[in-house]
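Student: So I've got this file, target_28.cif, and it contains mmCIF, C-alpha atoms and all ligand atoms:
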data_final
loop_
_atom_site.label_atom_id
_atom_site.label_comp_id
_atom_site.auth_asym_id
_atom_site.auth_seq_id
_atom_site.Cartn_x
_atom_site.Cartn_y
_atom_site.Cartn_z
CA ALA A 1 -46.58 78.26 25.68
CA ALA A 2 -46.45 77.01 29.26
CA THR A 3 -46.36 79.57 32.04
CA ALA A 4 -42.76 79.98 33.16
CA GLU A 5 -41.92 79.10 36.74
CA ARG A 6 -38.61 80.90 36.98
CA ILE A 7 -37.79 84.11 35.20
CA LEU A 8 -34.38 85.68 34.83
CA VAL A 9 -34.96 89.42 34.50
CA THR A 10 -31.99 91.37 33.14
CA GLY A 11 -32.06 95.05 34.07
CA GLY A 12 -34.58 94.28 36.82
CA ALA A 13 -33.18 97.02 39.07
CA GLY A 14 -34.07 99.77 36.58
CA PHE A 15 -37.37 101.51 35.88
CA ILE A 16 -39.36 99.09 33.71
CA GLY A 17 -37.55 95.94 34.84
CA SER A 18 -38.29 96.67 38.51
CA GLY A 19 -41.88 97.44 37.52
CA PHE A 20 -41.96 93.99 35.92
CA VAL A 21 -40.63 92.38 39.11
CA HIS A 22 -43.25 94.17 41.26
CA TYR A 23 -46.02 93.36 38.77
CA THR A 24 -44.97 89.70 38.77
CA ALA A 25 -44.87 89.54 42.59
CA ARG A 26 -48.43 90.99 42.69
CA THR A 27 -50.00 88.97 39.90
CA ARG A 28 -47.97 85.73 39.79
CA PRO A 29 -46.64 85.18 43.31
CA ASP A 30 -45.57 81.59 42.51
CA VAL A 31 -43.06 82.69 39.87
CA GLN A 32 -39.48 82.86 41.17
CA VAL A 33 -37.61 85.91 39.94
CA ILE A 34 -33.85 86.24 39.57
CA VAL A 35 -32.58 89.69 38.61
CA LEU A 36 -29.28 90.21 36.79
CA ASP A 37 -28.33 93.88 36.94
CA LYS A 38 -25.06 95.78 36.82
CA LEU A 39 -26.44 98.52 39.09
CA THR A 40 -25.28 101.34 36.84
CA TYR A 41 -26.31 104.91 37.74
CA ALA A 42 -29.80 103.86 36.54
CA GLY A 43 -30.24 100.81 38.78
CA SER A 44 -30.68 100.42 42.52
CA ARG A 45 -31.10 97.58 44.99
CA ALA A 46 -33.78 99.58 46.81
CA VAL A 47 -36.33 99.24 44.00
CA LEU A 48 -36.55 95.48 44.59
CA GLU A 49 -37.46 95.74 48.27
CA GLY A 50 -40.48 93.65 49.17
CA THR A 51 -40.55 91.68 45.92
CA GLY A 52 -38.72 88.53 47.07
CA ALA A 53 -36.53 88.65 43.95
CA ARG A 54 -32.93 87.42 44.16
CA LEU A 55 -30.50 90.07 42.85
CA VAL A 56 -27.29 89.05 41.14
CA VAL A 57 -25.07 92.07 40.47
CA GLY A 58 -23.30 91.57 37.15
CA ASP A 59 -22.90 92.61 33.53
CA VAL A 60 -25.16 91.12 30.86
CA ALA A 61 -22.15 91.28 28.52
CA ASP A 62 -20.13 89.00 30.85
CA ALA A 63 -20.47 85.51 29.34
CA TYR A 64 -19.36 83.68 32.48
CA THR A 65 -22.03 85.26 34.70
CA VAL A 66 -24.75 84.99 32.07
CA ASP A 67 -23.94 81.36 31.24
CA SER A 68 -23.98 80.28 34.86
CA LEU A 69 -27.34 81.97 35.56
CA ILE A 70 -28.96 80.60 32.43
CA GLY A 71 -27.49 77.20 33.33
CA GLU A 72 -29.72 77.27 36.43
CA LEU A 73 -32.88 77.60 34.30
CA ASP A 74 -35.08 74.75 33.07
CA PRO A 75 -35.68 75.07 29.30
CA ASP A 76 -39.14 73.45 29.67
CA THR A 77 -40.58 75.95 32.13
CA ASP A 78 -38.34 78.98 32.55
CA ALA A 79 -37.56 82.10 30.52
CA VAL A 80 -35.36 85.16 30.31
CA VAL A 81 -36.88 88.64 30.01
CA HIS A 82 -34.24 91.05 28.77
CA PHE A 83 -34.69 94.65 29.91
CA ALA A 84 -31.03 95.53 30.61
CA ALA A 85 -29.91 98.45 28.48
CA GLU A 86 -28.43 101.88 28.46
CA SER A 87 -31.70 103.70 27.89
CA HIS A 88 -31.26 107.47 27.63
CA ASN A 89 -30.98 109.20 24.25
CA ASP A 90 -29.26 112.30 25.64
CA ASN A 91 -26.52 110.18 27.24
CA SER A 92 -26.01 108.28 23.98
CA LEU A 93 -25.38 111.58 22.16
CA ASP A 94 -22.75 112.47 24.76
CA ASP A 95 -21.00 109.06 24.86
CA PRO A 96 -22.27 106.16 22.72
CA SER A 97 -19.75 103.62 23.99
CA PRO A 98 -21.73 102.00 26.87
CA PHE A 99 -24.73 101.75 24.51
CA VAL A 100 -22.76 99.57 22.11
CA HIS A 101 -21.40 97.50 24.98
CA THR A 102 -24.64 96.81 26.85
CA ASN A 103 -27.27 96.96 24.14
CA LEU A 104 -25.34 95.14 21.41
CA VAL A 105 -22.64 93.05 23.09
CA GLY A 106 -24.94 92.37 26.07
CA THR A 107 -27.76 91.11 23.86
CA PHE A 108 -25.30 89.04 21.82
CA THR A 109 -23.94 87.45 25.02
CA LEU A 110 -27.43 86.58 26.20
CA LEU A 111 -28.38 85.13 22.81
CA GLU A 112 -25.37 82.84 22.82
CA ALA A 113 -26.23 81.63 26.32
CA VAL A 114 -29.90 80.89 25.55
CA ARG A 115 -28.83 79.20 22.31
CA ARG A 116 -26.51 76.83 24.20
CA ARG A 117 -29.08 76.06 26.88
CA GLY A 118 -32.31 76.09 24.80
CA VAL A 119 -34.02 78.61 27.09
CA ARG A 120 -36.74 80.94 25.81
CA LEU A 121 -35.99 84.67 25.57
CA HIS A 122 -38.24 87.72 25.52
CA HIS A 123 -36.40 90.78 24.22
CA VAL A 124 -37.72 94.16 25.37
CA SER A 125 -37.23 96.94 22.84
CA THR A 126 -38.46 100.35 21.82
CA ASP A 127 -40.55 102.03 19.14
CA GLU A 128 -37.55 104.30 18.46
CA VAL A 129 -36.08 101.60 16.20
CA TYR A 130 -38.57 102.82 13.57
CA GLY A 131 -37.27 106.38 13.57
CA ASP A 132 -39.92 109.08 13.69
CA LEU A 133 -43.19 110.08 12.00
CA PRO A 134 -44.21 113.50 10.66
CA LEU A 135 -45.65 115.76 13.35
CA ASP A 136 -48.94 116.25 11.60
CA GLY A 137 -50.54 113.07 10.37
CA SER A 138 -52.14 109.88 11.51
CA ALA A 139 -49.57 107.25 10.39
CA ARG A 140 -48.53 104.82 13.13
CA PHE A 141 -45.77 102.23 13.51
CA THR A 142 -46.68 98.59 12.91
CA GLU A 143 -44.59 95.43 13.16
CA HIS A 144 -43.95 95.83 9.40
CA THR A 145 -42.54 99.38 9.54
CA ALA A 146 -38.95 99.56 8.24
CA TYR A 147 -36.21 100.19 10.79
CA ASN A 148 -34.77 103.72 10.62
CA PRO A 149 -33.21 104.65 13.98
CA SER A 150 -31.95 108.19 14.62
CA SER A 151 -29.75 108.22 17.74
CA PRO A 152 -26.90 106.01 18.99
CA TYR A 153 -29.36 104.66 21.58
CA SER A 154 -32.05 103.74 19.08
CA ALA A 155 -29.48 102.39 16.61
CA SER A 156 -28.05 100.12 19.30
CA LYS A 157 -31.55 98.88 20.18
CA ALA A 158 -32.33 98.34 16.48
CA GLY A 159 -29.14 96.30 16.17
CA SER A 160 -30.07 94.23 19.21
CA ASP A 161 -33.50 93.46 17.68
CA MET A 162 -31.81 92.36 14.46
CA LEU A 163 -29.52 90.03 16.41
CA VAL A 164 -32.51 88.41 18.11
CA ARG A 165 -34.34 87.93 14.80
CA ALA A 166 -31.23 86.42 13.18
CA TRP A 167 -30.72 84.01 16.10
CA VAL A 168 -34.34 82.85 15.73
CA ARG A 169 -34.01 82.27 12.03
CA SER A 170 -30.45 80.91 11.79
CA PHE A 171 -30.10 79.04 15.06
CA GLY A 172 -33.73 78.26 15.85
CA ILE A 173 -33.73 79.81 19.33
CA THR A 174 -37.12 80.43 20.93
CA ALA A 175 -37.66 84.17 21.27
CA THR A 176 -40.25 86.92 21.09
CA LEU A 177 -39.71 90.67 20.82
CA SER A 178 -41.70 93.71 21.87
CA ASN A 179 -41.28 97.35 20.88
CA CYS A 180 -43.00 99.70 23.28
CA SER A 181 -43.64 103.43 23.32
CA ASN A 182 -42.66 105.90 26.08
CA ASN A 183 -43.32 104.62 29.59
CA TYR A 184 -44.16 106.67 32.67
CA GLY A 185 -44.78 105.74 36.29
CA PRO A 186 -42.94 105.20 39.58
CA ARG A 187 -39.18 104.51 39.83
CA GLN A 188 -38.23 106.14 36.50
CA HIS A 189 -34.80 107.78 36.58
CA ILE A 190 -35.00 111.56 37.02
CA GLU A 191 -32.96 112.17 33.87
CA LYS A 192 -36.11 111.32 31.86
CA PHE A 193 -38.68 113.92 30.80
CA ILE A 194 -41.58 113.39 33.20
CA PRO A 195 -39.67 112.74 36.45
CA ARG A 196 -37.18 115.47 35.57
CA GLN A 197 -39.98 118.04 35.45
CA ILE A 198 -41.71 116.75 38.59
CA THR A 199 -38.46 116.83 40.57
CA ASN A 200 -37.53 120.21 39.11
CA ILE A 201 -40.72 121.60 40.61
CA LEU A 202 -40.20 119.73 43.91
CA THR A 203 -36.68 121.22 44.23
CA GLY A 204 -37.63 124.79 43.27
CA ARG A 205 -36.24 124.61 39.71
CA ARG A 206 -38.15 125.50 36.57
CA PRO A 207 -39.19 122.69 34.20
CA LYS A 208 -37.20 122.48 30.94
CA LEU A 209 -38.90 121.96 27.59
CA TYR A 210 -36.78 121.07 24.55
CA GLY A 211 -37.43 123.45 21.66
CA ALA A 212 -41.06 124.42 21.18
CA GLY A 213 -42.36 121.24 22.86
CA ARG A 214 -44.30 120.14 19.78
CA ASN A 215 -42.64 116.70 19.63
CA VAL A 216 -45.14 113.93 20.29
CA ARG A 217 -44.65 110.79 22.37
CA ASP A 218 -47.14 107.93 22.76
CA TRP A 219 -47.31 107.49 26.55
CA ILE A 220 -48.11 104.24 28.32
CA HIS A 221 -48.10 103.42 32.02
CA VAL A 222 -45.27 101.06 32.96
CA ASP A 223 -47.71 98.51 34.45
CA ASP A 224 -49.61 98.32 31.16
CA HIS A 225 -46.31 97.67 29.37
CA ASN A 226 -45.46 94.89 31.81
CA ALA A 227 -48.93 93.35 31.60
CA ALA A 228 -48.36 93.15 27.83
CA VAL A 229 -44.95 91.51 28.31
CA TRP A 230 -46.65 88.86 30.45
CA ARG A 231 -49.33 88.27 27.79
CA ILE A 232 -46.55 87.76 25.22
CA LEU A 233 -44.69 85.38 27.54
CA GLU A 234 -47.86 83.36 28.00
CA ALA A 235 -49.36 83.43 24.52
CA GLY A 236 -46.92 85.08 22.09
CA GLU A 237 -45.96 83.35 18.86
CA ASN A 238 -42.32 82.31 18.57
CA GLY A 239 -40.19 84.68 16.49
CA ARG A 240 -42.84 87.36 16.47
CA THR A 241 -42.54 91.08 17.19
CA TYR A 242 -45.39 92.74 19.12
CA LEU A 243 -45.80 96.50 19.30
CA ILE A 244 -46.98 97.80 22.67
CA GLY A 245 -48.76 101.14 23.00
CA ALA A 246 -51.89 102.52 24.62
CA ASP A 247 -53.03 105.29 22.22
CA GLY A 248 -51.45 107.89 24.50
CA GLU A 249 -50.16 110.46 22.00
CA ARG A 250 -49.45 113.87 23.51
CA SER A 251 -47.06 116.68 22.72
CA ASN A 252 -44.35 117.40 25.29
CA LEU A 253 -45.97 120.77 25.93
CA GLN A 254 -49.30 119.08 26.73
CA VAL A 255 -47.63 116.67 29.15
CA LEU A 256 -45.74 119.48 30.85
CA GLN A 257 -48.91 121.54 31.22
CA SER A 258 -50.65 118.58 32.89
CA ILE A 259 -47.76 118.29 35.34
CA LEU A 260 -47.85 122.05 36.07
CA ARG A 261 -51.61 121.91 36.65
CA LEU A 262 -51.41 118.82 38.89
CA MET A 263 -48.66 120.49 40.95
CA GLY A 264 -50.52 123.78 41.30
CA ARG A 265 -48.24 125.87 39.04
CA ALA A 266 -49.11 128.42 36.36
CA PRO A 267 -49.10 127.10 32.76
CA ASP A 268 -46.12 129.30 31.79
CA GLU A 269 -43.86 128.46 34.74
CA PHE A 270 -41.21 126.68 32.66
CA ASP A 271 -38.22 127.42 30.38
CA HIS A 272 -37.76 126.59 26.71
CA VAL A 273 -34.21 125.23 26.36
CA ALA A 274 -31.96 124.23 23.44
CA ASP A 275 -33.27 121.21 21.54
CA ARG A 276 -31.75 117.71 21.52
CA PRO A 277 -29.69 117.11 18.32
CA GLY A 278 -31.55 114.88 15.85
CA HIS A 279 -34.67 115.00 18.06
CA ASP A 280 -37.33 112.55 16.79
CA LEU A 281 -40.57 114.34 15.99
CA ARG A 282 -43.36 111.92 16.70
CA TYR A 283 -43.87 108.30 17.77
CA ALA A 284 -47.21 106.48 17.50
CA ILE A 285 -47.94 102.79 17.93
CA ASP A 286 -50.58 100.59 16.34
CA ALA A 287 -50.98 97.85 18.96
CA GLY A 288 -53.80 96.12 17.02
CA PRO A 289 -52.32 92.57 17.02
CA LEU A 290 -51.55 92.72 20.74
CA ARG A 291 -55.16 93.64 21.44
CA SER A 292 -56.91 91.37 18.92
CA GLU A 293 -54.66 88.28 19.09
CA LEU A 294 -53.50 88.34 22.70
CA GLY A 295 -56.49 90.13 24.25
CA TRP A 296 -54.36 92.78 25.99
CA GLU A 297 -56.01 96.09 26.98
CA PRO A 298 -54.41 99.00 28.84
CA HIS A 299 -55.69 99.61 32.35
CA TYR A 300 -54.48 103.25 32.60
CA VAL A 301 -56.51 105.06 29.98
CA ASP A 302 -56.62 108.43 31.77
CA MET A 303 -53.07 109.78 31.59
CA ASP A 304 -53.75 112.65 33.99
CA ALA A 305 -54.78 110.14 36.67
CA GLY A 306 -51.61 108.12 36.02
CA LEU A 307 -49.55 111.32 36.15
CA ALA A 308 -51.17 112.35 39.44
CA ASP A 309 -50.12 109.00 40.98
CA THR A 310 -46.63 109.48 39.55
CA VAL A 311 -46.34 112.99 41.05
CA ASP A 312 -47.40 111.52 44.43
CA TRP A 313 -44.79 108.79 44.15
CA TYR A 314 -41.94 111.28 43.62
CA ARG A 315 -43.27 113.46 46.45
CA ASP A 316 -43.46 110.47 48.81
CA ASN A 317 -40.12 108.91 47.81
CA ARG A 318 -37.82 111.88 47.86
CA GLY A 319 -35.02 109.87 49.45
CA TRP A 320 -34.92 107.64 46.37
CA TRP A 321 -34.02 110.47 43.96
CA ASP A 322 -32.83 113.46 45.98
CA GLY A 323 -29.15 112.45 45.98
CA ALA A 324 -29.04 112.23 42.18
CA LYS A 325 -30.77 115.54 41.40
CA ASP A 326 -27.76 117.90 41.39
CA VAL A 327 -25.67 115.35 39.46
CA VAL A 328 -28.33 115.03 36.75
CA GLU A 329 -28.83 118.78 36.42
CA ASP A 330 -25.05 119.44 36.35
CA ARG A 331 -24.77 116.87 33.56
CA TYR A 332 -27.48 118.62 31.53
CA ASP A 333 -25.61 121.90 32.03
CA THR A 334 -22.56 120.45 30.28
CA LEU A 335 -24.42 118.87 27.33
CA GLY A 336 -25.16 122.02 25.36
CA TRP A 337 -28.88 121.26 25.19
CA GLY A 338 -31.52 120.44 27.78
P1 LIG B 401 -33.34 102.09 32.90
O1 LIG B 401 -32.17 102.86 32.40
O2 LIG B 401 -34.23 102.68 33.93
O3 LIG B 401 -32.84 100.69 33.50
C1 LIG B 401 -31.86 99.92 32.87
C2 LIG B 401 -31.34 98.88 33.87
O4 LIG B 401 -30.37 98.06 33.20
C3 LIG B 401 -30.65 99.49 35.09
O5 LIG B 401 -31.06 98.84 36.27
C4 LIG B 401 -29.17 99.25 34.82
O6 LIG B 401 -28.40 99.12 36.01
C5 LIG B 401 -29.22 97.95 34.03
N1 LIG B 401 -28.04 97.76 33.18
C6 LIG B 401 -27.46 98.68 32.36
N2 LIG B 401 -26.37 98.13 31.78
C7 LIG B 401 -26.30 96.85 32.21
C8 LIG B 401 -25.40 95.78 31.94
N3 LIG B 401 -24.36 95.91 31.11
N4 LIG B 401 -25.63 94.58 32.54
C9 LIG B 401 -26.67 94.43 33.40
N5 LIG B 401 -27.53 95.41 33.71
C10 LIG B 401 -27.35 96.60 33.11
O7 LIG B 401 -34.15 101.68 31.60
P2 LIG B 401 -35.72 101.45 31.38
O8 LIG B 401 -36.34 102.72 31.00
O9 LIG B 401 -36.25 100.67 32.52
O10 LIG B 401 -35.68 100.52 30.07
C11 LIG B 401 -35.66 99.10 30.19
C12 LIG B 401 -35.75 98.50 28.80
O11 LIG B 401 -36.95 98.89 28.17
C13 LIG B 401 -34.62 98.93 27.86
O12 LIG B 401 -34.25 97.80 27.10
C14 LIG B 401 -35.26 100.00 26.99
O13 LIG B 401 -34.65 100.05 25.73
C15 LIG B 401 -36.68 99.48 26.90
N6 LIG B 401 -37.72 100.49 26.67
C16 LIG B 401 -37.81 101.60 27.47
C17 LIG B 401 -38.85 102.50 27.27
C18 LIG B 401 -39.03 103.71 28.17
O14 LIG B 401 -39.90 104.53 27.90
N7 LIG B 401 -38.24 103.89 29.21
C19 LIG B 401 -39.78 102.27 26.25
C20 LIG B 401 -39.65 101.14 25.45
C21 LIG B 401 -38.62 100.25 25.68
O1 LIG B 402 -40.11 105.69 22.83
C1 LIG B 402 -39.51 104.87 23.78
C2 LIG B 402 -38.29 105.56 24.36
O2 LIG B 402 -38.78 106.56 25.23
C3 LIG B 402 -37.38 104.60 25.11
O3 LIG B 402 -36.82 103.69 24.19
C4 LIG B 402 -36.26 105.34 25.84
O4 LIG B 402 -35.51 104.43 26.63
C5 LIG B 402 -36.89 106.39 26.73
O5 LIG B 402 -35.87 107.15 27.38
C6 LIG B 402 -37.81 107.30 25.92
O6 LIG B 402 -37.03 108.09 24.96
P1 LIG B 402 -37.33 109.66 24.75
O7 LIG B 402 -36.09 110.28 24.21
O8 LIG B 402 -38.62 109.85 24.04
O9 LIG B 402 -37.57 110.05 26.31
P2 LIG B 402 -37.13 111.30 27.20
O10 LIG B 402 -37.80 111.11 28.53
O11 LIG B 402 -35.67 111.52 27.20
O12 LIG B 402 -37.82 112.52 26.46
C7 LIG B 402 -39.20 112.53 26.16
C8 LIG B 402 -39.48 113.78 25.32
O13 LIG B 402 -39.32 114.93 26.14
C9 LIG B 402 -38.53 113.95 24.16
O14 LIG B 402 -39.25 114.49 23.05
C10 LIG B 402 -37.49 114.95 24.67
C11 LIG B 402 -38.31 115.82 25.61
N1 LIG B 402 -37.60 116.36 26.79
C12 LIG B 402 -36.80 115.55 27.52
C13 LIG B 402 -36.17 116.02 28.65
C14 LIG B 402 -35.27 115.11 29.49
C15 LIG B 402 -37.82 117.69 27.16
O15 LIG B 402 -38.56 118.44 26.50
N2 LIG B 402 -37.21 118.15 28.30
C16 LIG B 402 -36.40 117.38 29.07
O16 LIG B 402 -35.88 117.84 30.10
#
Please render this file's structure as structure tokens.
Ligand code: NAD
Ligand code: DAU
Tutor:
Amino acid sequence: AATAERILVTGGAGFIGSGFVHYTARTRPDVQVIVLDKLTYAGSRAVLEGTGARLVVGDVADAYTVDSLIGELDPDTDAVVHFAAESHNDNSLDDPSPFVHTNLVGTFTLLEAVRRRGVRLHHVSTDEVYGDLPLDGSARFTEHTAYNPSSPYSASKAGSDMLVRAWVRSFGITATLSNCSNNYGPRQHIEKFIPRQITNILTGRRPKLYGAGRNVRDWIHVDDHNAAVWRILEAGENGRTYLIGADGERSNLQVLQSILRLMGRAPDEFDHVADRPGHDLRYAIDAGPLRSELGWEPHYVDMDAGLADTVDWYRDNRGWWDGAKDVVEDRYDTLGWG
């Protein structure tokens, strides 16, 4: 596939989408980036500073806005990268409605627009569509694993993937999909596990571990995820699903203990709190095809080094998250877990 010259990035004012915009500005300065983002609680204009991207504030489920932006794209050279989503499992257990709207209706709206215009789409999704794996064992998700989502969030993402696959097969749109494991790095919302614990410590609160902390996530640095998305844009096979992961399996307790160590705290300076309902046990990705067929390799292989940079980022950018901290913690207080 030809390298795209203009990219429409949905959700580009959120964590991974803004990482994609920064990564693109650094590595492909000639590519023009347009961001479509609703600026929900999870998005901010500030994260795009210095990238040169044009921000259009709007809803990916609004056909008029989406059609007019996709109408500006050239089907021969340009592409859409679709990050926009409601992304937090805990919120989806509290109120699933925005998850159905953005993740399902939003993806449907985008699919109809790219179908009309003949523009290529890359759909960004999650390993959570596969459900979970037993805690003890070595099985990993592959592109052939059956879908078995657990939460309203993961079910809505699974549904969005199915829509994309059906539009490829039935309508012949040009699209690729990727399902990535847990990301960490700068600009992640402080409702999520790693930044929540870092900012708990920075504000004098104790970190909060769900249950015993044995659940395993397969961590990848956000820049490695975005490098993989670019490889797929440049060399991915139409209609194909690529799993993205960097062999970063760690239990939540292990991750928390790294954070405590990096921030100079004792290993037991945290609280065990009530567990998330339906909490997935373990995720693990086999990214073999991405490595062997597309030649992608992660750059961040030492998670503690990546975590140290992430801790520094939250320390240095307190103004970016400070205003949201009490709101996030008050919300957790009302959930009944966390
Ligand atoms: P995020 O919550 O940080 O950002 C989501 C962005 O989408 C925000 O800027 C928000 O304003 C925007 N948005 C929400 N609803 C919208 C709407 N209706 N119209 C337009 N914009 C809207 O999420 P994230 O962690 O950056 O995740 C980005 C994508 O990557 C999601 O599709 C998610 O499912 C997927 N993903 C995330 C992870 C992870 O570990 N965070 C892992 C794999 C895949
Ligand atoms: O696997 C990819 C998914 O990773 C993405 O699709 C989601 O968008 C993203 O939010 C993430 O989902 P998780 O539910 O795994 O992430 P979260 O950061 O919410 O939690 C990570 C783990 O840490 C999980 O096992 C729950 C636990 N946890 C979370 C919080 C917020 C805690 O122990 N304490 C906490 O305070």
Student: Please give me, as a ChimeraX atom specification, the residues lying within 6 Å of ligand LIG 402 (chain B) when counting all atoms listed in the file.
Tutor: /A:87-89,126-128,181-182,191-193,208-210,213,215,252,338
Student: Compile the contact shell of A:Gly118 as a ChimeraX atom specification: residues with an atom at most 8 Å away, counting only C-alpha atoms, same-chain residues fewer than 6 positions apart removed.
Tutor: /A:75,173-174
Student: Output as AutoDock Vina command-line options the centre and edge lengths (Å, one decimal) of the box along x, y and z of the file that holds every listed atom of ligand LIG 401 (chain B) after adding 6 Å on each side.
Tutor:
--center_x -32.1 --center_y 99.5 --center_z 30.9 --size_x 27.5 --size_y 22.1 --size_z 22.8
Student: Looking at only C-alpha atoms, which of A:Val273, A:Ala79, A:Ala85, A:Ala212 is the one that sits closest to A:Ile232?
Tutor: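 Residue with the minimum atom-to-atom distance to A:Ile232: A:Ala79.
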Student: With distances taken over only C-alpha atoms, which residue among A:Ala274, A:Ile190, A:Met162, A:Leu8 lies nearest A:Gly43?
Tutor: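 Nearest to A:Gly43: A:Ile190.
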Student: Write out as a list in words the residues lying within 12 Å of stretch 302-304 of chain A, counting only C-alpha atoms and excluding same-chain residues fewer than 4 positions away.
Tutor: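 Using only C-alpha atoms, the neighbours found are Asn183, Tyr184, Gly185, Asp218, Trp219, Ile220, His221, Val222, Asp224, Ala246, Asp247, Gly248, Glu249, Arg250, Gln254, Val255, Leu256, Gln257, Ser258, Ile259, Leu260, Arg261, Leu262, Met263, Pro298, Ala308, Asp309, Thr310 and Val311 of chain A.
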Student: The selected residues should be written to file as a PDB file, in the coordinates of the input (atoms: C-alpha atoms).
Tutor:
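Dumped everything to result28.pdb:
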ATOM      1  CA  ASN A 183     -43.320 104.620  29.590  1.00  0.00           C
ATOM      2  CA  TYR A 184     -44.160 106.670  32.670  1.00  0.00           C
ATOM      3  CA  GLY A 185     -44.780 105.740  36.290  1.00  0.00           C
ATOM      4  CA  ASP A 218     -47.140 107.930  22.760  1.00  0.00           C
ATOM      5  CA  TRP A 219     -47.310 107.490  26.550  1.00  0.00           C
ATOM      6  CA  ILE A 220     -48.110 104.240  28.320  1.00  0.00           C
ATOM      7  CA  HIS A 221     -48.100 103.420  32.020  1.00  0.00           C
ATOM      8  CA  VAL A 222     -45.270 101.060  32.960  1.00  0.00           C
ATOM      9  CA  ASP A 224     -49.610  98.320  31.160  1.00  0.00           C
ATOM     10  CA  ALA A 246     -51.890 102.520  24.620  1.00  0.00           C
ATOM     11  CA  ASP A 247     -53.030 105.290  22.220  1.00  0.00           C
ATOM     12  CA  GLY A 248     -51.450 107.890  24.500  1.00  0.00           C
ATOM     13  CA  GLU A 249     -50.160 110.460  22.000  1.00  0.00           C
ATOM     14  CA  ARG A 250     -49.450 113.870  23.510  1.00  0.00           C
ATOM     15  CA  GLN A 254     -49.300 119.080  26.730  1.00  0.00           C
ATOM     16  CA  VAL A 255     -47.630 116.670  29.150  1.00  0.00           C
ATOM     17  CA  LEU A 256     -45.740 119.480  30.850  1.00  0.00           C
ATOM     18  CA  GLN A 257     -48.910 121.540  31.220  1.00  0.00           C
ATOM     19  CA  SER A 258     -50.650 118.580  32.890  1.00  0.00           C
ATOM     20  CA  ILE A 259     -47.760 118.290  35.340  1.00  0.00           C
ATOM     21  CA  LEU A 260     -47.850 122.050  36.070  1.00  0.00           C
ATOM     22  CA  ARG A 261     -51.610 121.910  36.650  1.00  0.00           C
ATOM     23  CA  LEU A 262     -51.410 118.820  38.890  1.00  0.00           C
ATOM     24  CA  MET A 263     -48.660 120.490  40.950  1.00  0.00           C
ATOM     25  CA  PRO A 298     -54.410  99.000  28.840  1.00  0.00           C
ATOM     26  CA  ALA A 308     -51.170 112.350  39.440  1.00  0.00           C
ATOM     27  CA  ASP A 309     -50.120 109.000  40.980  1.00  0.00           C
ATOM     28  CA  THR A 310     -46.630 109.480  39.550  1.00  0.00           C
ATOM     29  CA  VAL A 311     -46.340 112.990  41.050  1.00  0.00           C
TER      30      VAL A 311
END
Student: Go through A:Ala266, A:Ala227, A:Val114, A:Val328 and flag the residue nearest A:Pro195, using all atoms listed in the file for the distances.
Tutor: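 Nearest to A:Pro195: A:Val328.
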Student: Which residue, A:Glu293, A:Asp223, A:Glu86, A:Asp330, has the smallest gap to ligand LIG 401 (chain B) when you use all atoms listed in the file?
Tutor: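 Smallest separation from ligand LIG 401 (chain B) among the options: A:Glu86.
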Student: What's the separation between atom N5 of ligand LIG 401 (chain B) and atom CA of A:Val60, in Å to one decimal place?
Tutor: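 Straight-line distance from atom N5 of ligand LIG 401 (chain B) to atom CA of A:Val60 works out to 5.7 Å.
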Student: How close does stretch 80-139 of chain A get to stretch 282-292 of chain A? List, as CSV, each residue of stretch 80-139 of chain A within 8 Å, its nearest atom pair and the distance in Å to one decimal, counting only C-alpha atoms.
Tutor:
residue,atom,partner,partner_atom,distance
A:Asp127,CA,A:Tyr283,CA,7.2
A:Glu128,CA,A:Tyr283,CA,7.5
A:Asp132,CA,A:Arg282,CA,5.4
A:Leu133,CA,A:Arg282,CA,5.1
A:Pro134,CA,A:Arg282,CA,6.3
A:Leu135,CA,A:Arg282,CA,5.6
A:Ala139,CA,A:Ala284,CA,7.5
Student: Please identify all polymer residues within 10 Å of A:Pro29, counting all atoms listed in the file, omitting same-chain residues fewer than 5 positions from it, and present them as a ChimeraX atom specification.
Tutor: /A:22-24,51-52
Student: Which is closer to A:Tyr64 than all the others in A:Thr109, A:Gly278, A:Leu202, A:Gly306, using only C-alpha atoms?
Tutor: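 Smallest distance to A:Tyr64 is found for A:Thr109.
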Student: Calculate how many Å separate atom C20 of ligand LIG 401 (chain B) from atom CA of A:Arg196, rounding to one decimal.
Tutor: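 That distance, rounded to one decimal, is 17.7 Å.
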Student: Looking at all atoms listed in the file, which of A:Val119, A:Ile16, A:Ile198, A:Leu104 is the one that sits closest to ligand LIG 401 (chain B)?
Tutor: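 Using all atoms listed in the file, the shortest distance to ligand LIG 401 (chain B) belongs to A:Ile16.
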Student: One number please: atom CA of A:Gly50 to atom CA of A:Trp313, in Å, one decimal.
Tutor: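 Atom-to-atom, atom CA of A:Gly50 to atom CA of A:Trp313, that is 16.5 Å.
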